[in-house]
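Student: Structure in structure tokens, see below.
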Amino acid sequence: MNVADAMTVRDDVVSVSLPGTRTDVLEYFQERAFSSVPVIQSTDGTAEYRGLVSRETLIEQPDEDQLVMLMEDVPTTTAETSLEEVARVMVEEGARRVPVVDGEFEGIVTVTDVVHAIATGEADTDADVGDYATRSVNTTYEGVPLPVAERELHYANAPYAVVLDDDGRMSGVITEVDVIDVARIVEGEEETGNNFPDQDADYSWEGVKGVGSRSLPTRDIELPTSPVSEFMTEDVVTVSRSKSVEGAAQLMISNDIEQIPMVTGDDLVGIVRDIDLVQSLYD
């Protein structure tokens with residue numbers, strides 16, 4: 001199976017064009033739960049691929065408004081590349097969305113596209129999730145304010161956290177998508193302090209007289225301070241170690257999720273991420 005069989009073609013890809021602003025992509029992250037959006041520039045009738053803007057970058061650079069400054073460099077592929085090879089690139093490069101480029105932008109293949117191919121049996125694997133699940137699980141407490149939980153996701157470099165109750169039991173899951181969904185951009189001003197004239201200027205008074213202060217416009221991301229329990233998913237889908245990779249992929253697609261906690265009885269023993277399923281294709 002090749003990339004051409006799994007990718008979303010250019011006409012069906014949601015993209016943004018240069019020049020543009022963060023507002024152009026924020027609505028896609030909030031309304032469609034995308035993790036990133038490709039940036040295209042039309043040159044002489046050709047759709048030239050320029051980069052990706054991710055939801056993580058939008059959160060981390062709240063003061064930057066121009067798309068050209070928010071774009072990230074990511075690996076690209078071609079339509080003829082095998083799905084196993086692009087799966088390797090996704091895992092090794094941490095690339096969730098790989099643009100398909102051959103002279104011009106032709107489309108995009110995502111981790112979700114690969115998981116869908118596994119779920120439908122088009123990308124064959126007979127492995128169980130227990131062989132690929134991650135034993136290290138990112139967690140947070142259900143009473144933590146949402147801004148603190150967002151920082152926990154950031155510092156852990158994880159798109160999710162399993163939420164624990166007072167007894168240390170799993171009570172839900174919070175994801176980057178949940179955070180983006182309630183994020184609000186706040187405009188304001190920041191004082192820069194006194195300005196001083198050139199000490200050698202004829203109009204300066206001993207070179208130390210302040211001539212007033214300036215205010216610069218600022219932009220920040222504001223999150224509700226309510227506890228994580230108000231924003232998390234409580235009805236958590238889980239799997240056991242013996243669940244097949246194909247079965248786990250089907251659960252991810254049907255529930256529109258990117259990770260599934262792995263349990264033994266009532267005990268949390270790991271996490272099965274979509275990228276773990278992707279890795280099963282080339283191991």
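Chain lettering (A, B, ...) mirrors the order of the structure tokens, residue numbering begins at 1 for each chain separately, and ligand numbering begins at 1 in order of display.
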Taking 6 positions as the minimum chain separation for residues in the same chain, which residues sit within 9 Å of Val237 of chain A when counting only C-alpha atoms? Answer as an MDAnalysis selection string.
Tutor: chainID A and resid 251:252 255 260:261
Student: What lies within 10 Å of Val25 of chain A using only C-alpha atoms, ignoring chain neighbours under 6 positions off, as number ranges by chain?
Tutor: A: 14-16, 34, 36-39, 53-55, 58, 67
Student: Write out as a list of chain:residue names which residues come within 10 Å of Asp65 of chain A when counting only C-alpha atoms, dropping same-chain ones fewer than 4 positions away.
Tutor: A:Gly20, A:Thr21, A:Arg22, A:Thr23, A:Asp24, A:Leu58, A:Gln61, A:Met69, A:Leu70, A:Arg219
Student: Go ahead and write the residues just picked, N, CA, C and O atoms, as a short mmCIF file (atom, residue, chain, number, x, y, z; two decimals), in the first residue's frame.
Tutor:
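So again.cif came out as:
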```
data_model
loop_
_atom_site.label_atom_id
_atom_site.label_comp_id
_atom_site.auth_asym_id
_atom_site.auth_seq_id
_atom_site.Cartn_x
_atom_site.Cartn_y
_atom_site.Cartn_z
N GLY A 20 -1.15 35.52 5.79
CA GLY A 20 -2.30 35.20 6.63
C GLY A 20 -1.95 35.41 8.09
O GLY A 20 -0.81 35.72 8.43
N THR A 21 -2.94 35.21 8.96
CA THR A 21 -2.74 35.43 10.39
C THR A 21 -3.19 34.20 11.17
O THR A 21 -3.82 33.29 10.62
N ARG A 22 -2.87 34.20 12.49
CA ARG A 22 -3.22 33.08 13.35
C ARG A 22 -4.74 32.85 13.39
O ARG A 22 -5.18 31.72 13.56
N THR A 23 -5.52 33.91 13.21
CA THR A 23 -6.97 33.78 13.22
C THR A 23 -7.44 32.85 12.11
O THR A 23 -8.45 32.15 12.25
N ASP A 24 -6.70 32.81 11.01
CA ASP A 24 -7.07 31.97 9.87
C ASP A 24 -7.04 30.48 10.22
O ASP A 24 -7.76 29.68 9.62
N LEU A 58 0.69 27.54 18.16
CA LEU A 58 -0.26 28.62 18.40
C LEU A 58 -0.34 28.95 19.89
O LEU A 58 -0.44 30.11 20.27
N GLN A 61 3.25 30.52 21.11
CA GLN A 61 3.64 31.84 20.61
C GLN A 61 2.41 32.76 20.50
O GLN A 61 2.01 33.15 19.41
N MET A 69 5.59 33.44 10.42
CA MET A 69 6.44 33.29 11.59
C MET A 69 6.03 32.10 12.46
O MET A 69 6.74 31.72 13.39
N LEU A 70 4.87 31.51 12.17
CA LEU A 70 4.36 30.40 12.96
C LEU A 70 4.57 29.05 12.27
O LEU A 70 4.33 28.00 12.87
N ARG A 219 -0.71 40.15 23.07
CA ARG A 219 -1.73 39.15 22.79
C ARG A 219 -1.40 37.93 23.65
O ARG A 219 -0.26 37.52 23.72
#
```
Student: Suppose you want the space between atom CA of Val177 of chain A and atom CA of Glu234 of chain A; what is it in Å?
Tutor: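 Answer for the atom CA of Val177 of chain A to atom CA of Glu234 of chain A separation: 14.9 Å.
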Student: Looking at only C-alpha atoms, which of A:Met262, A:Ile257, A:Ile40, A:Val163 is the one that sits closest to Val101 of chain A?
Tutor: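 When distances to Val101 of chain A are compared using only C-alpha atoms, the smallest one comes from A:Ile40.
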Student: What's around His116 of chain A at 10 Å? Count only C-alpha atoms, leave out sequence neighbours fewer than 6 positions away in its own chain, and write the answer as a list in words.
Tutor: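 That gives Ala6, Thr110, Glu122, Ala123, Glu246, Ala249, Gln250, Met252, Ile253 and Ser254 of chain A.
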Student: Could you pull out the alpha helix (DSSP H) residues of segment 75-163 of chain A from DSSP and send them as a ChimeraX atom specification?
Tutor: /A:83-93,111-119,146-156
Student: Go ahead and save the picked residues with N, CA and C atoms, as a PDB file, in the first residue's frame.
Tutor:
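Here's the written file out_35.pdb:
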```pdb
ATOM      1  N   LEU A  83       3.439   2.962   2.472  1.00  0.00           N
ATOM      2  CA  LEU A  83       2.852   3.379   3.731  1.00  0.00           C
ATOM      3  C   LEU A  83       3.756   2.991   4.902  1.00  0.00           C
ATOM      4  N   GLU A  84       4.453   1.864   4.774  1.00  0.00           N
ATOM      5  CA  GLU A  84       5.371   1.431   5.829  1.00  0.00           C
ATOM      6  C   GLU A  84       6.502   2.438   6.007  1.00  0.00           C
ATOM      7  N   GLU A  85       7.001   2.987   4.895  1.00  0.00           N
ATOM      8  CA  GLU A  85       8.099   3.946   4.970  1.00  0.00           C
ATOM      9  C   GLU A  85       7.647   5.265   5.575  1.00  0.00           C
ATOM     10  N   VAL A  86       6.462   5.731   5.192  1.00  0.00           N
ATOM     11  CA  VAL A  86       5.982   6.983   5.774  1.00  0.00           C
ATOM     12  C   VAL A  86       5.626   6.772   7.246  1.00  0.00           C
ATOM     13  N   ALA A  87       5.212   5.567   7.612  1.00  0.00           N
ATOM     14  CA  ALA A  87       4.958   5.253   9.019  1.00  0.00           C
ATOM     15  C   ALA A  87       6.241   5.389   9.819  1.00  0.00           C
ATOM     16  N   ARG A  88       7.347   4.931   9.260  1.00  0.00           N
ATOM     17  CA  ARG A  88       8.658   5.053   9.917  1.00  0.00           C
ATOM     18  C   ARG A  88       9.019   6.530  10.109  1.00  0.00           C
ATOM     19  N   VAL A  89       8.780   7.333   9.092  1.00  0.00           N
ATOM     20  CA  VAL A  89       9.074   8.770   9.180  1.00  0.00           C
ATOM     21  C   VAL A  89       8.237   9.412  10.287  1.00  0.00           C
ATOM     22  N   MET A  90       6.973   9.056  10.355  1.00  0.00           N
ATOM     23  CA  MET A  90       6.091   9.623  11.375  1.00  0.00           C
ATOM     24  C   MET A  90       6.587   9.325  12.782  1.00  0.00           C
ATOM     25  N   VAL A  91       7.006   8.090  12.998  1.00  0.00           N
ATOM     26  CA  VAL A  91       7.465   7.681  14.325  1.00  0.00           C
ATOM     27  C   VAL A  91       8.824   8.303  14.654  1.00  0.00           C
ATOM     28  N   GLU A  92       9.781   8.179  13.738  1.00  0.00           N
ATOM     29  CA  GLU A  92      11.138   8.625  14.019  1.00  0.00           C
ATOM     30  C   GLU A  92      11.273  10.144  14.037  1.00  0.00           C
ATOM     31  N   GLU A  93      10.465  10.851  13.251  1.00  0.00           N
ATOM     32  CA  GLU A  93      10.550  12.307  13.177  1.00  0.00           C
ATOM     33  C   GLU A  93       9.473  13.004  14.015  1.00  0.00           C
ATOM     34  N   VAL A 111      -1.296  10.710  10.622  1.00  0.00           N
ATOM     35  CA  VAL A 111      -1.319   9.541  11.495  1.00  0.00           C
ATOM     36  C   VAL A 111      -2.706   8.913  11.473  1.00  0.00           C
ATOM     37  N   THR A 112      -3.733   9.744  11.465  1.00  0.00           N
ATOM     38  CA  THR A 112      -5.104   9.235  11.431  1.00  0.00           C
ATOM     39  C   THR A 112      -5.384   8.464  10.150  1.00  0.00           C
ATOM     40  N   ASP A 113      -4.823   8.925   9.020  1.00  0.00           N
ATOM     41  CA  ASP A 113      -4.986   8.198   7.756  1.00  0.00           C
ATOM     42  C   ASP A 113      -4.391   6.790   7.857  1.00  0.00           C
ATOM     43  N   VAL A 114      -3.220   6.698   8.478  1.00  0.00           N
ATOM     44  CA  VAL A 114      -2.554   5.402   8.628  1.00  0.00           C
ATOM     45  C   VAL A 114      -3.353   4.512   9.583  1.00  0.00           C
ATOM     46  N   VAL A 115      -3.827   5.089  10.682  1.00  0.00           N
ATOM     47  CA  VAL A 115      -4.648   4.318  11.633  1.00  0.00           C
ATOM     48  C   VAL A 115      -5.928   3.824  10.952  1.00  0.00           C
ATOM     49  N   HIS A 116      -6.510   4.666  10.101  1.00  0.00           N
ATOM     50  CA  HIS A 116      -7.708   4.256   9.359  1.00  0.00           C
ATOM     51  C   HIS A 116      -7.407   3.070   8.453  1.00  0.00           C
ATOM     52  N   ALA A 117      -6.236   3.095   7.801  1.00  0.00           N
ATOM     53  CA  ALA A 117      -5.840   1.977   6.928  1.00  0.00           C
ATOM     54  C   ALA A 117      -5.670   0.693   7.740  1.00  0.00           C
ATOM     55  N   ILE A 118      -5.159   0.814   8.970  1.00  0.00           N
ATOM     56  CA  ILE A 118      -5.023  -0.351   9.845  1.00  0.00           C
ATOM     57  C   ILE A 118      -6.407  -0.845  10.259  1.00  0.00           C
ATOM     58  N   ALA A 119      -7.295   0.085  10.602  1.00  0.00           N
ATOM     59  CA  ALA A 119      -8.638  -0.272  11.070  1.00  0.00           C
ATOM     60  C   ALA A 119      -9.439  -1.018  10.007  1.00  0.00           C
ATOM     61  N   LEU A 146      -7.245  24.265  34.955  1.00  0.00           N
ATOM     62  CA  LEU A 146      -6.927  23.947  33.567  1.00  0.00           C
ATOM     63  C   LEU A 146      -5.608  24.573  33.099  1.00  0.00           C
ATOM     64  N   PRO A 147      -5.275  25.842  33.440  1.00  0.00           N
ATOM     65  CA  PRO A 147      -3.995  26.396  32.988  1.00  0.00           C
ATOM     66  C   PRO A 147      -2.792  25.599  33.496  1.00  0.00           C
ATOM     67  N   VAL A 148      -2.908  25.042  34.705  1.00  0.00           N
ATOM     68  CA  VAL A 148      -1.819  24.217  35.239  1.00  0.00           C
ATOM     69  C   VAL A 148      -1.718  22.914  34.451  1.00  0.00           C
ATOM     70  N   ALA A 149      -2.856  22.320  34.149  1.00  0.00           N
ATOM     71  CA  ALA A 149      -2.857  21.079  33.365  1.00  0.00           C
ATOM     72  C   ALA A 149      -2.258  21.319  31.978  1.00  0.00           C
ATOM     73  N   GLU A 150      -2.556  22.486  31.386  1.00  0.00           N
ATOM     74  CA  GLU A 150      -1.991  22.800  30.068  1.00  0.00           C
ATOM     75  C   GLU A 150      -0.475  22.859  30.139  1.00  0.00           C
ATOM     76  N   ARG A 151       0.055  23.448  31.220  1.00  0.00           N
ATOM     77  CA  ARG A 151       1.510  23.495  31.392  1.00  0.00           C
ATOM     78  C   ARG A 151       2.076  22.097  31.601  1.00  0.00           C
ATOM     79  N   GLU A 152       1.333  21.231  32.264  1.00  0.00           N
ATOM     80  CA  GLU A 152       1.786  19.856  32.463  1.00  0.00           C
ATOM     81  C   GLU A 152       1.898  19.131  31.122  1.00  0.00           C
ATOM     82  N   LEU A 153       0.923  19.343  30.240  1.00  0.00           N
ATOM     83  CA  LEU A 153       0.992  18.752  28.905  1.00  0.00           C
ATOM     84  C   LEU A 153       2.215  19.281  28.169  1.00  0.00           C
ATOM     85  N   HIS A 154       2.446  20.589  28.286  1.00  0.00           N
ATOM     86  CA  HIS A 154       3.576  21.218  27.599  1.00  0.00           C
ATOM     87  C   HIS A 154       4.905  20.644  28.080  1.00  0.00           C
ATOM     88  N   TYR A 155       5.105  20.609  29.379  1.00  0.00           N
ATOM     89  CA  TYR A 155       6.389  20.154  29.919  1.00  0.00           C
ATOM     90  C   TYR A 155       6.607  18.655  29.708  1.00  0.00           C
ATOM     91  N   ALA A 156       5.528  17.902  29.657  1.00  0.00           N
ATOM     92  CA  ALA A 156       5.636  16.466  29.396  1.00  0.00           C
ATOM     93  C   ALA A 156       5.748  16.174  27.913  1.00  0.00           C
TER      94      ALA A 156
END
```
Student: Report as a list in words all protein, DNA and RNA residues lying within 7 Å of Leu277 of chain A, evaluated on only C-alpha atoms, omitting residues in the same chain fewer than 3 positions from it.
Tutor: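 Neighbouring residues, sequence-local ones excluded: Val115, Val245, Arg273, Asp274 and Ser280 of chain A.
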Student: Just to be explicit: take each residue in the selection above, keep N, CA and C atoms, and write the result as a PDB file, in the first residue's frame.
Tutor:
```
ATOM      1  N   VAL A 115      -3.827   5.089  10.682  1.00  0.00           N
ATOM      2  CA  VAL A 115      -4.648   4.318  11.633  1.00  0.00           C
ATOM      3  C   VAL A 115      -5.928   3.824  10.952  1.00  0.00           C
ATOM      4  N   VAL A 245      -4.069  -4.774  17.416  1.00  0.00           N
ATOM      5  CA  VAL A 245      -3.781  -3.436  16.916  1.00  0.00           C
ATOM      6  C   VAL A 245      -4.911  -2.978  15.995  1.00  0.00           C
ATOM      7  N   ARG A 273      -1.115   4.818  22.112  1.00  0.00           N
ATOM      8  CA  ARG A 273      -1.254   6.024  21.304  1.00  0.00           C
ATOM      9  C   ARG A 273      -1.394   5.641  19.837  1.00  0.00           C
ATOM     10  N   ASP A 274      -1.993   6.524  19.062  1.00  0.00           N
ATOM     11  CA  ASP A 274      -2.132   6.228  17.635  1.00  0.00           C
ATOM     12  C   ASP A 274      -0.772   5.999  16.983  1.00  0.00           C
ATOM     13  N   SER A 280       3.626  -0.305  14.525  1.00  0.00           N
ATOM     14  CA  SER A 280       3.461  -1.755  14.303  1.00  0.00           C
ATOM     15  C   SER A 280       3.564  -2.133  12.829  1.00  0.00           C
TER      16      SER A 280
END
```
Student: Could you give me the residues within segment 59-251 of chain A that DSSP places in strand (DSSP E), as a PyMOL selection string?
Tutor: chain A and resi 97-102+104-110+139-141+160-164+170-175+184-194+213-222
Student: Pick from A:Leu223, A:Ile180, A:Val137, A:Val98: nearest to Tyr28 of chain A, with only C-alpha atoms counted?
Tutor: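 Closest to Tyr28 of chain A, using only C-alpha atoms: A:Ile180.
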Student: Between atom CA of Thr233 of chain A and atom CA of Arg97 of chain A, what is the distance, to one decimal in Å?
Tutor: 24.6 Å
Student: Give me the residues near Asp11 of chain A as a PyMOL selection string, where near means some atom within 12 Å (using only C-alpha atoms) and where sequence neighbours in that chain fewer than 5 positions away do not count.
Tutor: chain A and resi 47+105-108
Student: Kindly save the residues from that selection, with all heavy atoms included, as a compact mmCIF listing (two decimals), in the first residue's frame.
Tutor:
```txt
# COMPACT_ATOMS: atom_id res chain seq x y z
N ALA A 47 0.55 25.55 -6.62
CA ALA A 47 0.33 25.55 -5.18
C ALA A 47 1.63 25.13 -4.49
O ALA A 47 1.93 23.94 -4.39
CB ALA A 47 -0.80 24.61 -4.81
N PHE A 105 2.32 21.11 -4.00
CA PHE A 105 1.59 20.45 -2.93
C PHE A 105 0.50 19.55 -3.52
O PHE A 105 -0.37 20.02 -4.27
CB PHE A 105 0.96 21.51 -2.02
CG PHE A 105 0.17 20.95 -0.88
CD1 PHE A 105 0.78 20.26 0.15
CD2 PHE A 105 -1.21 21.12 -0.83
CE1 PHE A 105 0.05 19.75 1.22
CE2 PHE A 105 -1.96 20.61 0.23
CZ PHE A 105 -1.33 19.93 1.25
N GLU A 106 0.55 18.24 -3.22
CA GLU A 106 -0.41 17.30 -3.78
C GLU A 106 -1.43 16.80 -2.77
O GLU A 106 -2.48 16.28 -3.14
CB GLU A 106 0.33 16.10 -4.37
CG GLU A 106 1.22 16.45 -5.56
CD GLU A 106 1.85 15.23 -6.20
OE1 GLU A 106 1.85 14.15 -5.55
OE2 GLU A 106 2.32 15.34 -7.34
N GLY A 107 -1.12 16.94 -1.50
CA GLY A 107 -2.04 16.48 -0.47
C GLY A 107 -1.30 16.26 0.84
O GLY A 107 -0.20 16.77 1.05
N ILE A 108 -1.89 15.49 1.72
CA ILE A 108 -1.27 15.25 3.03
C ILE A 108 -1.67 13.87 3.52
O ILE A 108 -2.76 13.38 3.22
CB ILE A 108 -1.70 16.34 4.03
CG1 ILE A 108 -0.72 16.42 5.19
CG2 ILE A 108 -3.14 16.13 4.51
CD1 ILE A 108 -0.79 17.73 5.96
```
Student: Please indicate the distance in Å from atom CA of Arg10 of chain A to atom CA of Arg96 of chain A, rounded to one decimal place.
Tutor: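 We find that atom CA of Arg10 of chain A and atom CA of Arg96 of chain A lie 17.2 Å from each other.
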Student: Between A:Leu268, A:Ile174, A:Val182, A:Ala161, which one has atoms that come closest to Pro224 of chain A, using only C-alpha atoms?
Tutor: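 Looking at the shortest contact to Pro224 of chain A, the residue is A:Val182.
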